[in-house]
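final-v8.cif follows (mmCIF, C-alpha atoms):
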```
data_protein
#
loop_
_atom_site.label_atom_id
_atom_site.label_comp_id
_atom_site.auth_asym_id
_atom_site.auth_seq_id
_atom_site.Cartn_x
_atom_site.Cartn_y
_atom_site.Cartn_z
CA MET A 1 -34.97 11.55 2.89
CA THR A 2 -34.03 11.60 -0.80
CA GLY A 3 -32.96 7.96 -0.99
CA ARG A 4 -29.35 8.89 -1.65
CA VAL A 5 -26.55 7.03 0.07
CA PRO A 6 -24.63 9.27 2.51
CA VAL A 7 -21.03 9.88 1.49
CA PRO A 8 -18.64 9.07 4.35
CA VAL A 9 -15.83 11.51 4.97
CA VAL A 10 -12.54 9.63 5.17
CA ARG A 11 -9.38 11.49 6.13
CA THR A 12 -6.37 10.68 3.98
CA LEU A 13 -3.98 8.75 6.20
CA MET A 14 -0.66 9.31 4.48
CA ARG A 15 1.48 12.14 5.84
CA PRO A 16 4.43 13.35 3.78
CA LEU A 17 7.36 11.01 4.27
CA THR A 18 10.73 12.48 5.22
CA GLU A 19 14.09 10.75 5.27
CA SER A 20 14.50 10.93 9.05
CA VAL A 21 10.99 9.57 9.70
CA PHE A 22 11.50 6.87 7.07
CA HIS A 23 14.70 5.48 8.61
CA ARG A 24 13.09 5.32 12.08
CA SER A 25 9.80 3.80 10.89
CA PHE A 26 10.78 0.22 10.02
CA VAL A 27 8.87 -2.51 11.84
CA ASN A 28 10.73 -5.50 10.41
CA ALA A 29 14.29 -4.48 9.54
CA SER A 30 17.52 -4.24 11.47
CA LYS A 31 18.87 -0.77 12.21
CA GLY A 32 21.58 -1.35 9.61
CA ASP A 33 19.08 -2.37 6.91
CA ALA A 34 16.90 0.62 7.78
CA GLN A 35 19.86 3.02 7.49
CA ARG A 36 20.95 1.55 4.13
CA ALA A 37 17.43 1.80 2.66
CA GLN A 38 16.99 4.56 0.09
CA LEU A 39 14.00 6.81 -0.42
CA PRO A 40 12.78 7.51 -3.94
CA ASP A 41 12.26 11.07 -5.18
CA LEU A 42 9.24 12.27 -3.20
CA SER A 43 8.97 15.77 -4.69
CA GLY A 44 6.08 15.10 -7.09
CA ILE A 45 3.83 13.08 -4.79
CA ASP A 46 0.30 14.28 -4.05
CA TRP A 47 0.07 13.10 -0.44
CA ASP A 48 -3.65 13.88 -0.27
CA GLN A 49 -4.21 11.06 -2.75
CA ARG A 50 -2.04 8.45 -1.01
CA ASP A 51 -2.80 5.82 1.56
CA LEU A 52 0.60 4.22 1.14
CA ILE A 53 3.77 4.56 -0.87
CA GLY A 54 5.87 1.67 -2.10
CA TRP A 55 9.01 1.36 -4.21
CA GLN A 56 11.88 -0.88 -5.21
CA ASP A 57 15.36 -0.35 -3.77
CA PRO A 58 17.50 0.87 -6.68
CA LYS A 59 20.64 -0.82 -5.33
CA ARG A 60 19.01 -4.11 -4.26
CA PRO A 61 16.43 -5.11 -6.88
CA GLN A 62 14.81 -7.83 -4.75
CA ARG A 63 14.12 -5.41 -1.89
CA TYR A 64 11.02 -3.28 -1.72
CA TYR A 65 9.65 -0.88 0.84
CA VAL A 66 6.13 0.19 1.63
CA SER A 67 5.24 2.98 4.06
CA LEU A 68 1.84 3.89 5.45
CA GLU A 69 0.37 5.57 8.47
CA LEU A 70 -0.51 3.27 11.36
CA ASP A 71 -1.93 4.57 14.64
CA GLY A 72 -0.79 8.10 13.86
CA GLU A 73 2.79 7.10 13.00
CA ILE A 74 4.53 6.11 9.78
CA ALA A 75 5.24 2.37 9.59
CA THR A 76 7.57 0.99 6.92
CA LEU A 77 7.94 -2.63 5.85
CA LEU A 78 10.91 -4.25 4.22
CA LEU A 79 9.60 -6.65 1.56
CA ARG A 80 11.22 -9.18 -0.73
CA GLY A 81 9.74 -9.48 -4.18
CA ALA A 82 9.51 -12.30 -6.64
CA GLU A 83 12.25 -12.44 -9.26
CA ASN A 84 9.82 -12.93 -12.12
CA PRO A 85 6.45 -11.18 -12.15
CA PRO A 86 3.49 -13.48 -12.81
CA SER A 87 2.47 -13.93 -16.43
CA LYS A 88 -1.25 -13.65 -15.66
CA LYS A 89 -3.26 -11.07 -13.82
CA LEU A 90 -3.74 -11.70 -10.13
CA LEU A 91 -5.91 -9.87 -7.64
CA CYS A 92 -4.13 -7.46 -5.31
CA ALA A 93 -4.92 -8.38 -1.71
CA TRP A 94 -4.84 -4.74 -0.60
CA CYS A 95 -6.80 -2.75 -3.20
CA GLU A 96 -8.63 -5.82 -4.57
CA ASP A 97 -8.16 -4.53 -8.10
CA LEU A 98 -7.25 -6.07 -11.44
CA ALA A 99 -6.08 -2.85 -13.12
CA ASP A 100 -5.36 -3.05 -16.83
CA GLY A 101 -1.74 -3.84 -17.61
CA ILE A 102 -0.61 -4.01 -13.99
CA ARG A 103 -0.11 -7.30 -12.27
CA ALA A 104 -0.10 -8.13 -8.61
CA ALA A 105 3.11 -9.74 -7.46
CA SER A 106 4.07 -11.89 -4.53
CA PHE A 107 5.83 -10.07 -1.71
CA VAL A 108 7.23 -11.58 1.46
CA ALA A 109 7.90 -9.63 4.66
CA PRO A 110 10.15 -10.86 7.46
CA LEU A 111 8.24 -10.76 10.73
CA GLY A 112 9.25 -8.16 13.29
CA GLY A 113 11.22 -9.01 16.41
CA GLU A 114 12.57 -12.41 17.40
CA ALA A 115 10.32 -14.28 14.95
CA GLY A 116 11.85 -12.36 12.04
CA ARG A 117 15.38 -12.95 13.29
CA ARG A 118 14.58 -16.69 13.21
CA GLY A 119 13.62 -16.31 9.54
CA ASN A 120 9.82 -16.34 9.83
CA THR A 121 7.95 -14.46 7.13
CA VAL A 122 4.45 -13.68 5.91
CA GLY A 123 3.47 -13.02 2.30
CA THR A 124 0.79 -11.41 0.23
CA MET A 125 -0.06 -10.32 -3.31
CA ILE A 126 0.26 -6.56 -3.90
CA CYS A 127 0.18 -4.47 -7.07
CA ALA A 128 3.67 -4.80 -8.51
CA ASP A 129 4.03 -1.02 -8.82
CA PHE A 130 2.22 -0.23 -5.54
CA ARG A 131 -0.48 1.72 -7.36
CA CYS A 132 -3.16 0.70 -4.86
CA SER A 133 -3.95 4.31 -3.84
CA ARG A 134 -4.63 5.20 -7.49
CA ASN A 135 -6.65 2.05 -8.12
CA VAL A 136 -9.13 2.70 -5.33
CA ARG A 137 -9.67 6.29 -6.53
CA ARG A 138 -10.21 5.60 -10.23
CA GLU A 139 -13.60 5.78 -11.91
CA PRO A 140 -15.29 2.42 -11.56
CA PRO A 141 -15.78 0.55 -14.84
CA PRO A 142 -19.37 -0.31 -15.85
CA TYR A 143 -19.05 -3.95 -14.75
CA GLU A 144 -18.07 -2.82 -11.25
CA LEU A 145 -20.74 -0.21 -10.56
CA ARG A 146 -23.74 0.31 -12.81
CA THR A 147 -24.77 3.83 -11.95
CA GLN A 148 -24.10 7.41 -12.94
CA ASP A 149 -25.24 8.77 -9.56
CA PRO A 150 -22.33 10.89 -8.26
CA ALA A 151 -23.23 10.17 -4.63
CA LEU A 152 -23.15 6.40 -5.20
CA ILE A 153 -19.90 6.64 -7.14
CA ALA A 154 -18.34 8.72 -4.31
CA TYR A 155 -19.65 6.25 -1.72
CA HIS A 156 -18.19 3.33 -3.71
CA ARG A 157 -14.81 5.09 -3.91
CA GLU A 158 -14.75 5.84 -0.17
CA GLN A 159 -15.59 2.21 0.59
CA LYS A 160 -12.70 1.06 -1.62
CA ILE A 161 -10.32 3.51 0.10
CA ALA A 162 -11.45 2.31 3.54
CA GLY A 163 -10.97 -1.32 2.44
CA LEU A 164 -7.43 -0.62 1.21
CA ARG A 165 -6.53 1.03 4.50
CA GLU A 166 -8.01 -1.78 6.57
CA ARG A 167 -6.31 -4.60 4.62
CA SER A 168 -2.89 -2.92 4.34
CA THR A 169 -2.80 -1.94 8.02
CA ARG A 170 -3.89 -5.45 9.02
CA PHE A 171 -0.89 -6.82 7.12
CA VAL A 172 1.50 -4.32 8.75
CA ARG A 173 0.14 -5.24 12.19
CA ALA A 174 0.64 -8.94 11.45
CA VAL A 175 4.25 -8.30 10.44
CA SER A 176 5.05 -6.01 13.36
CA GLN A 177 3.51 -8.30 15.98
CA GLY A 178 5.54 -11.21 14.66
#
```

What would you get if you wrote out this structure as structure tokens?
Amino acid sequence: MTGRVPVPVVRTLMRPLTESVFHRSFVNASKGDAQRAQLPDLSGIDWDQRDLIGWQDPKRPQRYYVSLELDGEIATLLLRGAENPPSKKLLCAWCEDLADGIRAASFVAPLGGEAGRRGNTVGTMICADFRCSRNVRREPPPYELRTQDPALIAYHREQKIAGLRERSTRFVRAVSQG
């Protein structure tokens, strides 16, 4: 044994998102809201580097969408965002990052099913530009990981990716189970 930490192999969970899959994948929106939702331009996305994709609705500025893979299927959440982003940096609950220049923002998701129709919601803090997948893959700053060992750096990155997936899917499950 060389004393090196084994690097776990984690499969990227995000499959390419298509319009037909997107409109059928909502866990907390009415059929009408799901059909009116608009996809962003997906042509330049490197799906191998994504655990989730999120964006703002261009026609309804307070509406946001986030899609990720859950139990082998795409699950999409309808979110409502805060009107004014926070003036100070806040920790993202999904990637647990305080990336330079990007702030976490408060998002609220209506619960799925009858609970959501009654107006019940659940909220969390997420990177305002949904850059969580990039944050967990970036080089760790010196204060976060004090090593130059490539195996330890790779292990650290895989742990951050696994944490993002676990926390974001836990939130989607909470919303969908109402």

Practice problem: Could you expand the PyMOL selection byres ((chain A and resi 103) around 6) into the explicit residues it covers here, written as a list in words? | Solution: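 Given this file, the PyMOL selection byres ((chain A and resi 103) around 6) evaluates to Lys89, Ile102, Ala104, Cys127 and Ala128 of chain A.
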
Give me, as a Markdown table, each residue of stretch 51-158 of chain A that comes within 12 Å of stretch 34-38 of chain A, together with its shortest interatomic pair and the distance in Å at one decimal, counting only C-alpha atoms, with rows ordered by chain and rising residue number.
```
| residue | atom | partner | partner_atom | distance |
| --- | --- | --- | --- | --- |
| A:Gly54 | CA | A:Gln38 | CA | 11.7 |
| A:Trp55 | CA | A:Gln38 | CA | 9.6 |
| A:Gln56 | CA | A:Gln38 | CA | 9.2 |
| A:Asp57 | CA | A:Gln38 | CA | 6.5 |
| A:Pro58 | CA | A:Gln38 | CA | 7.7 |
| A:Lys59 | CA | A:Gln38 | CA | 8.5 |
| A:Arg60 | CA | A:Ala37 | CA | 9.2 |
| A:Pro61 | CA | A:Ala37 | CA | 11.8 |
| A:Arg63 | CA | A:Ala37 | CA | 9.1 |
| A:Tyr64 | CA | A:Ala37 | CA | 9.3 |
| A:Tyr65 | CA | A:Ala37 | CA | 8.4 |
| A:Val66 | CA | A:Ala37 | CA | 11.5 |
| A:Ala75 | CA | A:Ala34 | CA | 11.9 |
| A:Thr76 | CA | A:Ala34 | CA | 9.4 |
| A:Leu77 | CA | A:Ala34 | CA | 9.7 |
| A:Leu78 | CA | A:Ala34 | CA | 8.5 |
| A:Leu79 | CA | A:Ala37 | CA | 11.6 |
```

Around stretch 152-155 of chain A, with edges along x, y and z and 5 Å added on all six sides, what centre and edge lengths do you get, in Å to one decimal, as JSON?
```
{"center_x": -20.7, "center_y": 7.5, "center_z": -4.4, "size_x": 14.8, "size_y": 12.5, "size_z": 15.4}
```

Practice problem: Give me the result of the PyMOL selection byres ((chain A and resi 141) around 12) on this file, residue by residue, as a PyMOL selection string. | Solution: chain A and resi 97-100+135-140+142-148+153+156-157

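For the set A:Trp47, A:Gly123, A:Glu69, A:Ile53, the residue with the smallest atom-to-atom gap to A:Ala82 is A:Gly123, counting only C-alpha atoms.
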
Sorted per-residue table, stretch 17-56 of chain A near stretch 171-175 of chain A, closest atoms and distance, 12 Å, all atoms listed in the file, as CSV:
```
residue,atom,partner,partner_atom,distance
A:Ser25,CA,A:Val172,CA,11.8
A:Phe26,CA,A:Val172,CA,10.4
A:Val27,CA,A:Val175,CA,7.5
A:Asn28,CA,A:Val175,CA,7.1
A:Ala29,CA,A:Val175,CA,10.8
A:Leu52,CA,A:Val172,CA,11.5
```

Quiz item: Do you know which residues the PyMOL selection byres ((chain A and resi 168) around 9) returns on this file, as JSON, numbers by chain?
Solution: {"A": [52, 68, 93, 94, 95, 163, 164, 165, 166, 167, 169, 170, 171, 172, 173]}

Exercise. Rank nothing, just name the residue among A:Arg24, A:Leu39, A:Leu111, A:Asp48 nearest to A:Ser176, using all atoms listed in the file.
Key: A:Leu111

Quiz item: Residues at most 8 Å from A:Leu17, counting only C-alpha atoms, excluding those fewer than 2 positions away in the same chain, as number ranges by chain?
Solution: A: 15, 19, 21-22, 42, 74

Generate the output file for the selected residues, C-alpha atoms, as a PDB file, in the coordinates of the input.
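Saved to selection04.pdb:
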```
ATOM      1  CA  ARG A  15       1.480  12.140   5.840  1.00  0.00           C
ATOM      2  CA  GLU A  19      14.090  10.750   5.270  1.00  0.00           C
ATOM      3  CA  VAL A  21      10.990   9.570   9.700  1.00  0.00           C
ATOM      4  CA  PHE A  22      11.500   6.870   7.070  1.00  0.00           C
ATOM      5  CA  LEU A  42       9.240  12.270  -3.200  1.00  0.00           C
ATOM      6  CA  ILE A  74       4.530   6.110   9.780  1.00  0.00           C
TER       7      ILE A  74
END
```

Practice problem: Using only C-alpha atoms, collect all residues at a distance of at most 7 Å from (3.8, -5.4, -3.3) as written in the file, then present them as a PyMOL selection string. | Solution: chain A and resi 105-107+125-128+130

Quiz item: To one decimal place, how far is atom CA of A:Ser133 from atom CA of A:Glu96 in Å?
Solution: 11.2 Å

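Ranking A:Cys92, A:Gln177, A:Asp71, A:Ala154 by their shortest atom-to-atom distance to A:Thr121, with all atoms listed in the file included, puts A:Gln177 first.
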
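Residue nearest A:Arg50, chosen from A:Arg134, A:Lys88, A:Lys160, A:Lys31 and counting all atoms listed in the file: A:Arg134.
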